[in-house]
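Raw contents of work_5.cif, mmCIF, C-alpha atoms:
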data_my_file
#
loop_
_atom_site.label_atom_id
_atom_site.label_comp_id
_atom_site.auth_asym_id
_atom_site.auth_seq_id
_atom_site.Cartn_x
_atom_site.Cartn_y
_atom_site.Cartn_z
CA MET A 1 -98.70 -102.18 65.97
CA HIS A 2 -95.07 -101.08 65.44
CA TRP A 3 -95.15 -101.14 61.64
CA GLY A 4 -91.66 -99.71 61.17
CA LEU A 5 -90.25 -102.48 63.33
CA LEU A 6 -92.20 -105.19 61.50
CA LEU A 7 -91.36 -103.88 58.04
CA ALA A 8 -87.63 -103.78 58.84
CA ALA A 9 -87.72 -107.34 60.18
CA ALA A 10 -89.76 -108.63 57.23
CA ALA A 11 -87.49 -106.88 54.71
CA THR A 12 -84.41 -108.40 56.34
CA LEU A 13 -85.92 -111.85 56.05
CA THR A 14 -86.87 -111.12 52.44
CA ILE A 15 -83.18 -110.69 51.65
CA THR A 16 -81.70 -113.53 53.73
CA MET A 17 -84.32 -116.12 52.81
CA GLY A 18 -84.43 -115.00 49.19
CA ALA A 19 -80.71 -115.75 48.92
CA ARG A 20 -80.93 -118.99 50.90
CA GLN A 21 -84.06 -120.58 49.44
CA THR A 22 -82.87 -120.35 45.83
CA THR A 23 -79.73 -122.48 46.27
CA GLY A 24 -81.40 -125.45 44.60
CA LEU A 25 -81.28 -123.54 41.30
CA PHE A 26 -77.47 -123.65 41.44
CA VAL A 27 -77.11 -127.43 41.89
CA SER A 28 -77.33 -128.38 38.21
CA PRO A 29 -75.22 -125.46 36.86
CA ILE A 30 -72.45 -126.12 39.40
CA HIS A 31 -72.55 -129.83 38.59
CA GLN A 32 -72.36 -129.22 34.85
CA GLN A 33 -69.57 -126.65 34.99
CA THR A 34 -67.34 -128.17 37.70
CA GLY A 35 -68.08 -131.88 37.40
CA ILE A 36 -68.76 -132.17 41.13
CA GLY A 37 -71.28 -134.94 41.81
CA ILE A 38 -74.87 -134.19 42.82
CA ALA A 39 -74.37 -136.02 46.13
CA ALA A 40 -71.28 -133.93 46.95
CA ILE A 41 -73.10 -130.67 46.19
CA SER A 42 -76.10 -131.91 48.18
CA PHE A 43 -73.81 -132.69 51.12
CA ALA A 44 -72.42 -129.12 51.08
CA LEU A 45 -75.96 -127.75 51.06
CA ALA A 46 -76.92 -130.23 53.80
CA ILE A 47 -74.10 -128.87 55.96
CA GLY A 48 -75.54 -125.45 55.22
CA GLN A 49 -78.95 -126.57 56.44
CA PHE A 50 -77.44 -127.74 59.72
CA THR A 51 -75.24 -124.66 60.13
CA TRP A 52 -78.20 -122.33 59.54
CA GLY A 53 -80.02 -124.01 62.42
CA ALA A 54 -76.99 -124.47 64.70
CA VAL A 55 -76.07 -120.78 64.75
CA GLN A 56 -79.56 -119.52 65.55
CA PRO A 57 -79.68 -120.40 69.26
CA ILE A 58 -76.16 -118.96 69.59
CA PHE A 59 -76.95 -115.72 67.79
CA GLY A 60 -80.36 -115.70 69.49
CA ALA A 61 -78.73 -115.81 72.92
CA ILE A 62 -76.39 -112.96 71.97
CA ALA A 63 -79.31 -110.93 70.64
CA ASP A 64 -81.37 -111.66 73.78
CA LYS A 65 -78.56 -110.33 75.96
CA ARG A 66 -76.99 -107.54 73.89
CA GLY A 67 -79.51 -106.63 71.21
CA SER A 68 -79.98 -107.77 67.65
CA THR A 69 -78.29 -104.99 65.64
CA GLY A 70 -74.72 -106.31 65.79
CA VAL A 71 -75.88 -109.85 65.06
CA LEU A 72 -77.82 -108.76 61.98
CA VAL A 73 -74.95 -106.68 60.59
CA LEU A 74 -72.50 -109.56 61.07
CA GLY A 75 -74.94 -111.91 59.37
CA ALA A 76 -75.26 -109.70 56.30
CA VAL A 77 -71.47 -109.50 55.95
CA LEU A 78 -71.00 -113.27 56.30
CA LEU A 79 -73.81 -114.02 53.84
CA SER A 80 -72.37 -111.64 51.25
CA LEU A 81 -68.82 -112.93 51.71
CA GLY A 82 -69.84 -116.57 51.34
CA LEU A 83 -71.82 -115.92 48.17
CA ALA A 84 -69.00 -113.87 46.62
CA LEU A 85 -66.39 -116.55 47.35
CA THR A 86 -68.42 -119.51 46.04
CA PRO A 87 -67.44 -119.13 42.33
CA HIS A 88 -63.75 -119.10 43.36
CA LEU A 89 -63.82 -122.21 45.59
CA THR A 90 -65.34 -124.80 43.27
CA SER A 91 -64.35 -128.03 44.98
CA PRO A 92 -66.43 -130.17 47.35
CA TRP A 93 -64.58 -128.73 50.37
CA GLY A 94 -64.74 -125.21 48.94
CA LEU A 95 -68.52 -125.44 48.51
CA THR A 96 -68.83 -126.84 52.02
CA PHE A 97 -66.93 -123.82 53.36
CA THR A 98 -68.81 -121.17 51.37
CA LEU A 99 -72.35 -122.56 51.02
CA GLY A 100 -72.19 -124.90 54.00
CA LEU A 101 -70.63 -122.55 56.56
CA LEU A 102 -70.26 -118.88 55.60
CA THR A 103 -73.53 -118.21 53.78
CA ALA A 104 -75.55 -120.45 56.09
CA ALA A 105 -74.17 -118.77 59.22
CA GLY A 106 -74.84 -115.34 57.74
CA ALA A 107 -78.40 -116.22 56.77
CA GLY A 108 -78.95 -117.77 60.21
CA ALA A 109 -77.87 -114.54 61.93
CA GLY A 110 -80.60 -112.72 60.00
CA SER A 111 -83.34 -115.29 60.31
CA PHE A 112 -86.48 -116.19 62.24
CA SER A 113 -85.28 -116.59 65.81
CA ILE A 114 -83.38 -113.31 65.93
CA LEU A 115 -86.00 -111.27 64.07
CA ILE A 116 -89.06 -112.71 65.81
CA GLY A 117 -87.29 -112.58 69.17
CA ALA A 118 -86.28 -108.94 68.65
CA THR A 119 -89.82 -107.86 67.77
CA ALA A 120 -91.61 -109.99 70.38
CA GLN A 121 -89.85 -108.14 73.19
CA GLN A 122 -91.28 -104.86 71.91
CA LEU A 123 -94.85 -106.00 71.30
CA ALA A 124 -97.78 -106.83 73.55
CA PRO A 125 -98.57 -110.57 73.85
CA GLU A 126 -101.75 -110.44 71.78
CA LYS A 127 -99.85 -108.94 68.81
CA ARG A 128 -96.99 -111.44 68.64
CA SER A 129 -98.68 -114.17 66.60
CA PHE A 130 -99.62 -111.75 63.83
CA ALA A 131 -96.16 -110.17 63.96
CA ALA A 132 -94.49 -113.57 63.54
CA GLY A 133 -96.72 -114.32 60.55
CA PHE A 134 -96.00 -110.92 59.01
CA ILE A 135 -92.21 -111.33 59.39
CA ASN A 136 -92.37 -114.87 58.05
CA ALA A 137 -94.29 -113.64 55.02
CA GLY A 138 -91.31 -111.41 54.25
CA GLY A 139 -89.10 -114.47 53.87
CA SER A 140 -91.58 -116.10 51.52
CA LEU A 141 -91.81 -112.91 49.48
CA GLY A 142 -88.04 -113.07 49.09
CA GLN A 143 -88.31 -116.56 47.66
CA PHE A 144 -90.99 -115.38 45.22
CA ILE A 145 -88.90 -112.40 44.06
CA PHE A 146 -85.47 -114.01 43.99
CA ALA A 147 -86.23 -117.37 42.32
CA PRO A 148 -87.14 -116.09 38.82
CA LEU A 149 -84.51 -113.35 39.08
CA VAL A 150 -81.73 -115.80 39.95
CA GLN A 151 -82.79 -118.22 37.20
CA ALA A 152 -82.83 -115.38 34.66
CA VAL A 153 -79.30 -114.28 35.60
CA ILE A 154 -78.06 -117.88 35.47
CA ALA A 155 -79.55 -118.30 31.98
CA VAL A 156 -78.11 -115.02 30.65
CA ALA A 157 -74.78 -114.59 32.47
CA GLY A 158 -74.04 -117.87 34.27
CA TRP A 159 -74.29 -119.11 37.84
CA ALA A 160 -71.23 -117.16 39.07
CA SER A 161 -72.83 -113.85 38.09
CA ALA A 162 -76.00 -114.86 39.91
CA MET A 163 -73.91 -115.52 43.03
CA TYR A 164 -72.30 -112.07 42.78
CA MET A 165 -75.72 -110.47 42.40
CA LEU A 166 -76.94 -112.17 45.56
CA ALA A 167 -73.76 -111.13 47.39
CA VAL A 168 -74.35 -107.46 46.64
CA THR A 169 -78.06 -107.69 47.44
CA SER A 170 -77.32 -109.28 50.83
CA LEU A 171 -75.55 -106.10 51.98
CA LEU A 172 -78.89 -104.26 51.81
CA ALA A 173 -79.78 -105.99 55.09
CA ILE A 174 -77.23 -103.87 56.98
CA PRO A 175 -79.22 -100.60 57.18
CA LEU A 176 -82.35 -102.58 58.05
CA ALA A 177 -80.72 -103.74 61.30
CA PHE A 178 -80.88 -100.34 62.99
CA PRO A 179 -84.68 -99.96 63.32
CA LEU A 180 -84.58 -103.26 65.26
CA ARG A 181 -82.53 -101.83 68.13
CA ARG A 182 -84.03 -102.84 71.44
CA LYS A 183 -86.43 -100.37 73.01
CA ALA A 184 -88.44 -100.58 76.21
CA ALA A 185 -90.58 -103.70 76.23
CA PRO A 186 -94.36 -103.39 76.70
CA VAL A 187 -96.04 -104.31 79.94
CA GLU A 188 -96.28 -108.11 79.98
CA THR A 189 -99.59 -109.72 80.89
CA ALA A 190 -98.72 -113.37 80.29
CA PRO A 191 -98.59 -115.47 83.47
CA THR A 192 -95.06 -116.54 82.70
CA ALA A 193 -93.68 -113.01 82.58
CA SER A 194 -92.81 -112.55 86.22
CA ALA A 195 -91.14 -115.93 86.37
CA VAL A 196 -89.16 -115.27 83.23
CA GLY A 197 -87.93 -111.94 84.54
CA GLU A 198 -86.45 -113.61 87.64
CA ILE A 199 -84.46 -116.39 86.00
CA THR A 200 -81.34 -116.55 83.91
CA LEU A 201 -81.05 -117.79 80.35
CA LYS A 202 -79.43 -121.01 81.55
CA GLN A 203 -82.27 -121.66 84.00
CA GLN A 204 -84.90 -120.95 81.34
CA VAL A 205 -83.30 -123.36 78.87
CA ALA A 206 -83.16 -126.05 81.58
CA ILE A 207 -86.88 -125.55 82.29
CA ALA A 208 -87.74 -125.78 78.59
CA LEU A 209 -85.72 -128.95 78.09
CA ARG A 210 -87.75 -130.67 80.83
CA ASP A 211 -91.04 -129.75 79.15
CA ARG A 212 -92.67 -132.48 77.01
CA SER A 213 -94.60 -129.94 74.92
CA TYR A 214 -91.35 -128.23 73.98
CA TRP A 215 -89.91 -131.54 72.76
CA MET A 216 -93.05 -132.23 70.72
CA LEU A 217 -92.50 -128.92 68.98
CA HIS A 218 -88.93 -130.02 68.25
CA LEU A 219 -90.14 -133.31 66.76
CA GLY A 220 -92.65 -131.61 64.49
CA PHE A 221 -90.13 -129.01 63.39
CA PHE A 222 -87.53 -131.71 62.66
CA THR A 223 -89.85 -133.33 60.14
CA CYS A 224 -90.68 -129.91 58.69
CA GLY A 225 -86.96 -129.39 58.11
CA VAL A 226 -86.71 -132.64 56.14
CA HIS A 227 -89.55 -131.50 53.86
CA ILE A 228 -88.29 -127.97 53.28
CA ALA A 229 -84.64 -128.85 52.65
CA PHE A 230 -85.44 -131.77 50.37
CA LEU A 231 -87.73 -129.67 48.21
CA VAL A 232 -85.69 -126.47 48.09
CA THR A 233 -82.59 -128.49 47.14
CA HIS A 234 -84.04 -131.17 44.87
CA LEU A 235 -87.30 -129.91 43.39
CA PRO A 236 -85.37 -128.53 40.38
CA GLY A 237 -83.82 -131.99 39.95
CA GLU A 238 -87.22 -133.67 40.14
CA ILE A 239 -88.54 -131.30 37.51
CA ALA A 240 -85.53 -131.98 35.27
CA LEU A 241 -86.12 -135.74 35.57
CA CYS A 242 -89.57 -135.14 34.13
CA GLY A 243 -88.01 -133.49 31.06
CA LEU A 244 -89.18 -129.97 31.92
CA SER A 245 -87.16 -126.76 31.57
CA PRO A 246 -85.35 -124.87 34.36
CA SER A 247 -87.93 -122.09 34.03
CA VAL A 248 -90.52 -124.49 35.48
CA SER A 249 -88.23 -124.96 38.49
CA ALA A 250 -87.87 -121.21 39.02
CA MET A 251 -91.62 -120.64 38.67
CA SER A 252 -92.39 -123.50 41.08
CA ILE A 253 -90.04 -122.16 43.74
CA ALA A 254 -91.47 -118.68 43.23
CA LEU A 255 -95.03 -120.00 43.62
CA ILE A 256 -94.07 -121.73 46.85
CA GLY A 257 -92.88 -118.38 48.17
CA LEU A 258 -95.89 -116.43 46.90
CA PHE A 259 -98.47 -118.77 48.40
CA ASN A 260 -96.55 -118.97 51.65
CA VAL A 261 -97.00 -115.21 52.04
CA ALA A 262 -100.72 -115.91 52.31
CA GLY A 263 -100.15 -119.02 54.43
CA SER A 264 -97.92 -117.17 56.89
CA LEU A 265 -100.37 -114.29 57.30
CA VAL A 266 -103.29 -116.69 57.76
CA ALA A 267 -101.36 -118.79 60.29
CA GLY A 268 -100.34 -115.68 62.22
CA ALA A 269 -103.92 -114.38 62.31
CA LEU A 270 -105.44 -117.74 63.24
CA GLY A 271 -102.96 -118.09 66.10
CA GLN A 272 -104.79 -115.26 67.86
CA ARG A 273 -108.11 -117.14 67.71
CA VAL A 274 -107.53 -120.90 67.82
CA ARG A 275 -105.04 -123.25 69.42
CA MET A 276 -101.79 -123.11 67.51
CA LYS A 277 -101.14 -126.82 67.98
CA TRP A 278 -104.23 -127.54 65.87
CA ILE A 279 -102.93 -125.24 63.14
CA LEU A 280 -99.64 -127.15 63.09
CA ALA A 281 -101.30 -130.57 63.10
CA VAL A 282 -103.53 -129.68 60.15
CA MET A 283 -100.67 -128.19 58.14
CA TYR A 284 -98.41 -131.22 58.63
CA ALA A 285 -101.18 -133.70 57.79
CA SER A 286 -102.08 -131.75 54.65
CA ARG A 287 -98.52 -132.19 53.35
CA ALA A 288 -98.91 -135.97 53.32
CA VAL A 289 -102.12 -135.59 51.32
CA MET A 290 -100.53 -133.16 48.85
CA ILE A 291 -97.51 -135.39 48.22
CA ALA A 292 -99.77 -138.40 47.64
CA LEU A 293 -101.83 -136.44 45.11
CA TYR A 294 -98.67 -135.23 43.39
CA LEU A 295 -97.35 -138.78 42.99
CA MET A 296 -100.61 -139.81 41.33
CA ALA A 297 -100.69 -136.83 38.94
CA PRO A 298 -99.07 -136.68 35.46
CA PRO A 299 -95.59 -135.03 35.46
CA THR A 300 -96.55 -131.83 33.66
CA ALA A 301 -95.66 -128.18 34.30
CA LEU A 302 -99.22 -127.56 35.51
CA THR A 303 -98.88 -130.39 38.04
CA PHE A 304 -95.76 -128.80 39.50
CA TYR A 305 -97.35 -125.36 39.62
CA VAL A 306 -100.43 -126.65 41.46
CA PHE A 307 -98.28 -128.76 43.80
CA ALA A 308 -96.00 -125.79 44.53
CA ALA A 309 -98.92 -123.49 45.24
CA ALA A 310 -100.67 -125.97 47.53
CA LEU A 311 -97.50 -126.92 49.39
CA GLY A 312 -96.42 -123.29 49.53
CA PHE A 313 -99.43 -122.40 51.66
CA THR A 314 -97.93 -124.46 54.51
CA TRP A 315 -94.25 -124.16 53.48
CA LEU A 316 -92.87 -122.04 56.33
CA ALA A 317 -96.27 -121.09 57.70
CA THR A 318 -95.33 -123.49 60.51
CA VAL A 319 -93.00 -120.81 61.88
CA PRO A 320 -95.57 -118.37 63.37
CA PRO A 321 -97.50 -120.99 65.40
CA THR A 322 -94.29 -122.72 66.51
CA ALA A 323 -92.73 -119.44 67.66
CA GLY A 324 -96.08 -118.48 69.18
CA LEU A 325 -96.26 -121.70 71.19
CA VAL A 326 -92.72 -121.21 72.49
CA GLY A 327 -93.69 -117.70 73.57
CA LYS A 328 -96.88 -118.98 75.20
CA LEU A 329 -95.04 -121.68 77.11
CA PHE A 330 -92.05 -119.65 78.30
CA GLY A 331 -92.64 -115.95 77.63
CA PRO A 332 -90.80 -113.57 75.27
CA ARG A 333 -87.64 -112.80 77.27
CA TYR A 334 -85.54 -115.63 75.86
CA LEU A 335 -87.62 -116.36 72.79
CA GLY A 336 -84.64 -115.83 70.48
CA THR A 337 -82.76 -118.62 72.21
CA LEU A 338 -85.61 -121.08 72.79
CA PHE A 339 -87.07 -120.71 69.31
CA GLY A 340 -83.52 -120.86 67.95
CA LEU A 341 -83.17 -124.30 69.53
CA THR A 342 -86.33 -125.51 67.79
CA LEU A 343 -84.90 -124.18 64.54
CA LEU A 344 -81.78 -126.22 65.22
CA SER A 345 -83.98 -129.32 65.29
CA HIS A 346 -85.63 -128.10 62.08
CA GLN A 347 -82.24 -127.85 60.41
CA ILE A 348 -80.99 -131.21 61.67
CA GLY A 349 -83.96 -132.51 59.71
CA GLY A 350 -82.91 -130.18 56.91
CA PHE A 351 -79.47 -131.78 56.78
CA PHE A 352 -81.02 -135.18 56.20
CA GLY A 353 -83.55 -133.84 53.68
CA ALA A 354 -80.88 -132.23 51.48
CA TRP A 355 -78.29 -135.01 51.81
CA LEU A 356 -80.57 -138.04 51.49
CA GLY A 357 -82.22 -136.53 48.44
CA GLY A 358 -78.85 -136.45 46.68
CA LEU A 359 -78.07 -140.01 47.74
CA ALA A 360 -81.47 -141.19 46.53
CA LEU A 361 -80.90 -139.70 43.09
CA GLU A 362 -77.39 -141.12 42.68
CA ARG A 363 -78.27 -144.61 43.92
CA SER A 364 -81.75 -145.18 42.53
CA GLY A 365 -81.99 -142.64 39.73
CA ASP A 366 -85.02 -140.82 41.14
CA TYR A 367 -86.54 -139.49 44.38
CA THR A 368 -89.36 -142.00 44.85
CA TRP A 369 -88.43 -143.32 48.29
CA MET A 370 -87.81 -139.77 49.55
CA TRP A 371 -91.38 -138.83 48.67
CA TYR A 372 -92.70 -141.77 50.69
CA LEU A 373 -90.42 -140.85 53.60
CA ASP A 374 -91.76 -137.31 53.44
CA MET A 375 -95.35 -138.53 53.68
CA GLY A 376 -94.60 -140.69 56.70
CA LEU A 377 -92.78 -137.91 58.51
CA ALA A 378 -95.63 -135.46 57.82
CA LEU A 379 -98.08 -137.78 59.56
CA ILE A 380 -95.71 -138.23 62.52
CA ALA A 381 -95.42 -134.46 62.86
CA ALA A 382 -99.20 -134.04 62.80
CA VAL A 383 -99.65 -136.55 65.62
CA ALA A 384 -96.75 -135.14 67.66
CA ASN A 385 -98.43 -131.75 67.98
CA LEU A 386 -101.67 -133.08 69.46
CA PRO A 387 -100.48 -133.60 73.09
CA ILE A 388 -98.89 -130.14 73.37
CA ARG A 389 -100.37 -128.26 76.31
CA GLU A 390 -102.01 -125.03 75.19
CA SER A 391 -104.95 -123.05 76.44
CA MET A 392 -107.39 -121.30 74.13
CA PRO A 393 -106.30 -117.78 73.16
CA LYS A 394 -107.86 -115.07 75.30
CA THR A 395 -110.05 -112.53 73.57
CA VAL A 396 -108.33 -109.17 73.69
CA PRO A 397 -110.44 -105.98 73.68
CA ALA A 398 -109.90 -103.73 70.68
CA THR A 399 -108.65 -100.94 72.96
CA ALA A 400 -106.00 -103.11 74.59
#

In structure tokens, write the structure found in this file.
Amino acid sequence: MHWGLLLAAAATLTITMGARQTTGLFVSPIHQQTGIGIAAISFALAIGQFTWGAVQPIFGAIADKRGSTGVLVLGAVLLSLGLALTPHLTSPWGLTFTLGLLTAAGAGAGSFSILIGATAQQLAPEKRSFAAGFINAGGSLGQFIFAPLVQAVIAVAGWASAMYMLAVTSLLAIPLAFPLRRKAAPVETAPTASAVGEITLKQQVAIALRDRSYWMLHLGFFTCGVHIAFLVTHLPGEIALCGLSPSVSAMSIALIGLFNVAGSLVAGALGQRVRMKWILAVMYASRAVMIALYLMAPPTALTFYVFAAALGFTWLATVPPTAGLVGKLFGPRYLGTLFGLTLLSHQIGGFFGAWLGGLALERSGDYTWMWYLDMGLALIAAVANLPIRESMPKTVPATA
């Protein structure tokens, strides 16, 4: 296992996802200080959800062709610039430009499709599922570390200072880009390897878009995006509606990240032993159960902590099996692009999750109908993964 490669990729995701997944903590402070409505702030963050997904197939294609280093450096600069400008552009359009475009594009350039694609091309097939889980765990660790830190800075020095802190921290991703420079790929044993080596990126995308299993992955990931964006944007608002302090919000978001470290590693390891479509189906179905139990529980801090921990186990643990299935279906050569396209679907769902949550709060005073929508979508995602074509993983000898 190329541990230096994996640690650099995981650390990069720790920084980019740590900055991105704590934006919900800024919604209330920005609203209170600037007077901008919750729906308007939610719309800016919804644009950010879409932008984060839209740039990944583009940056993934560039990384697939020219290497990931330049893409990662550019992403760190854009992320830092967007965060630093946010306190100075406090209007709906200003927030859309900084949080919706600059920071989201920067985080997207240093996110899953580029990092998993860059490492997959340097690893043997049997190691890719674990590698994806390990990298994904880095992003969740960032959420665990950054959430309480950001909330503490907001409480002591204000939300603008917290933005500046994140801007400076984002630049630490620049030196981490260089260990990810492309090296010679390992000998490929997957049956799709020879075919992939003989076709262009355009031809490979055309083949994928005609594949029903690929579209089922898109459908499942779309619903996942609705869940993630709604919660990361509006869970602090839900907690505030229950009369609980912002520290409960920070701890809940941190617990989601902490338990997703375990979930990501488990999902990555299981992907080497069982069909990944079953892993995805179980995770999506479990979300519907967890939301139903949450709605029946009393609105206490303990309820939110238990809900966050349980949901966190599946939070972004869907990434390793989804990326693994794309690699199984089409090989690693253009994984950055093809997985980037599934992330675009994820973030189209994310746009609706962030935006509709804000509309629900302004029009009905709470998030009740969004919770029911989330449950329905979780069940749809579980069913959508069942017809995906996937063979059982092959047992790989320890000496391979």

Considering only C-alpha atoms, return as a ChimeraX atom specification whatever protein or nucleic-acid residues lie within 8 Å of Thr303 (chain A), sequence-local ones (same chain, fewer than 5 positions apart) excluded. /A:294,297-298

Env of Phe130 (chain A): 10 Å cut, atoms = all atoms listed in the file, seq-sep filter 4 positions within chain, self excluded. Answer as a ChimeraX atom specification. /A:1,126,134-136,264-272,320-321,324

Distance query Ala162 (chain A) at most 9 Å, only C-alpha atoms, self and fewer than 2 positions along chain excluded, as a PDB file with C-alpha atoms, in the coordinates of the input:
ATOM      1  CA  LEU A 149     -84.510-113.350  39.080  1.00  0.00           C
ATOM      2  CA  VAL A 150     -81.730-115.800  39.950  1.00  0.00           C
ATOM      3  CA  GLN A 151     -82.790-118.220  37.200  1.00  0.00           C
ATOM      4  CA  ALA A 152     -82.830-115.380  34.660  1.00  0.00           C
ATOM      5  CA  VAL A 153     -79.300-114.280  35.600  1.00  0.00           C
ATOM      6  CA  ILE A 154     -78.060-117.880  35.470  1.00  0.00           C
ATOM      7  CA  ALA A 157     -74.780-114.590  32.470  1.00  0.00           C
ATOM      8  CA  GLY A 158     -74.040-117.870  34.270  1.00  0.00           C
ATOM      9  CA  TRP A 159     -74.290-119.110  37.840  1.00  0.00           C
ATOM     10  CA  ALA A 160     -71.230-117.160  39.070  1.00  0.00           C
ATOM     11  CA  TYR A 164     -72.300-112.070  42.780  1.00  0.00           C
ATOM     12  CA  MET A 165     -75.720-110.470  42.400  1.00  0.00           C
ATOM     13  CA  LEU A 166     -76.940-112.170  45.560  1.00  0.00           C
ATOM     14  CA  ALA A 167     -73.760-111.130  47.390  1.00  0.00           C
TER      15      ALA A 167
END

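The protein and nucleic acid residues lying at most 10 Å from Leu235 (chain A) are Gly24, Leu25, Ala229, Phe230, Leu231, Val232, Thr233, Gly237, Glu238, Ile239, Ala240, Leu241, Ser249, Ala250, Ser252, Ile253, Phe304, Ala308, Gly357 and Tyr367 of chain A, with all atoms listed in the file considered and sequence neighbours fewer than 2 positions away removed.
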
Any chance you could export the current selection's C-alpha atoms as an mmCIF file, keeping the file's coordinate frame?
data_model
loop_
_atom_site.group_PDB
_atom_site.id
_atom_site.type_symbol
_atom_site.label_atom_id
_atom_site.label_comp_id
_atom_site.auth_asym_id
_atom_site.auth_seq_id
_atom_site.Cartn_x
_atom_site.Cartn_y
_atom_site.Cartn_z
ATOM 1 C CA GLY A 24 -81.400 -125.450 44.600
ATOM 2 C CA LEU A 25 -81.280 -123.540 41.300
ATOM 3 C CA ALA A 229 -84.640 -128.850 52.650
ATOM 4 C CA PHE A 230 -85.440 -131.770 50.370
ATOM 5 C CA LEU A 231 -87.730 -129.670 48.210
ATOM 6 C CA VAL A 232 -85.690 -126.470 48.090
ATOM 7 C CA THR A 233 -82.590 -128.490 47.140
ATOM 8 C CA GLY A 237 -83.820 -131.990 39.950
ATOM 9 C CA GLU A 238 -87.220 -133.670 40.140
ATOM 10 C CA ILE A 239 -88.540 -131.300 37.510
ATOM 11 C CA ALA A 240 -85.530 -131.980 35.270
ATOM 12 C CA LEU A 241 -86.120 -135.740 35.570
ATOM 13 C CA SER A 249 -88.230 -124.960 38.490
ATOM 14 C CA ALA A 250 -87.870 -121.210 39.020
ATOM 15 C CA SER A 252 -92.390 -123.500 41.080
ATOM 16 C CA ILE A 253 -90.040 -122.160 43.740
ATOM 17 C CA PHE A 304 -95.760 -128.800 39.500
ATOM 18 C CA ALA A 308 -96.000 -125.790 44.530
ATOM 19 C CA GLY A 357 -82.220 -136.530 48.440
ATOM 20 C CA TYR A 367 -86.540 -139.490 44.380
#

With all atoms listed in the file as the atoms that count, which of A:Leu361, A:Ala84, A:Val274, A:Met375 lies nearest to Ile291 (chain A)? A:Met375

Do you know which residues the PyMOL selection byres ((chain A and resi 371) around 12) returns on this file, as a ChimeraX atom specification? /A:226-227,230-231,234-235,238,287-296,353,356-357,360-361,366-370,372-378

Now that the selection is made, can you save its residues with C-alpha atoms as a compact mmCIF listing (two decimals), in the coordinates of the input?
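Here's the written file out_23.txt:
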# COMPACT_ATOMS: atom_id res chain seq x y z
CA VAL A 226 -86.71 -132.64 56.14
CA HIS A 227 -89.55 -131.50 53.86
CA PHE A 230 -85.44 -131.77 50.37
CA LEU A 231 -87.73 -129.67 48.21
CA HIS A 234 -84.04 -131.17 44.87
CA LEU A 235 -87.30 -129.91 43.39
CA GLU A 238 -87.22 -133.67 40.14
CA ARG A 287 -98.52 -132.19 53.35
CA ALA A 288 -98.91 -135.97 53.32
CA VAL A 289 -102.12 -135.59 51.32
CA MET A 290 -100.53 -133.16 48.85
CA ILE A 291 -97.51 -135.39 48.22
CA ALA A 292 -99.77 -138.40 47.64
CA LEU A 293 -101.83 -136.44 45.11
CA TYR A 294 -98.67 -135.23 43.39
CA LEU A 295 -97.35 -138.78 42.99
CA MET A 296 -100.61 -139.81 41.33
CA GLY A 353 -83.55 -133.84 53.68
CA LEU A 356 -80.57 -138.04 51.49
CA GLY A 357 -82.22 -136.53 48.44
CA ALA A 360 -81.47 -141.19 46.53
CA LEU A 361 -80.90 -139.70 43.09
CA ASP A 366 -85.02 -140.82 41.14
CA TYR A 367 -86.54 -139.49 44.38
CA THR A 368 -89.36 -142.00 44.85
CA TRP A 369 -88.43 -143.32 48.29
CA MET A 370 -87.81 -139.77 49.55
CA TYR A 372 -92.70 -141.77 50.69
CA LEU A 373 -90.42 -140.85 53.60
CA ASP A 374 -91.76 -137.31 53.44
CA MET A 375 -95.35 -138.53 53.68
CA GLY A 376 -94.60 -140.69 56.70
CA LEU A 377 -92.78 -137.91 58.51
CA ALA A 378 -95.63 -135.46 57.82
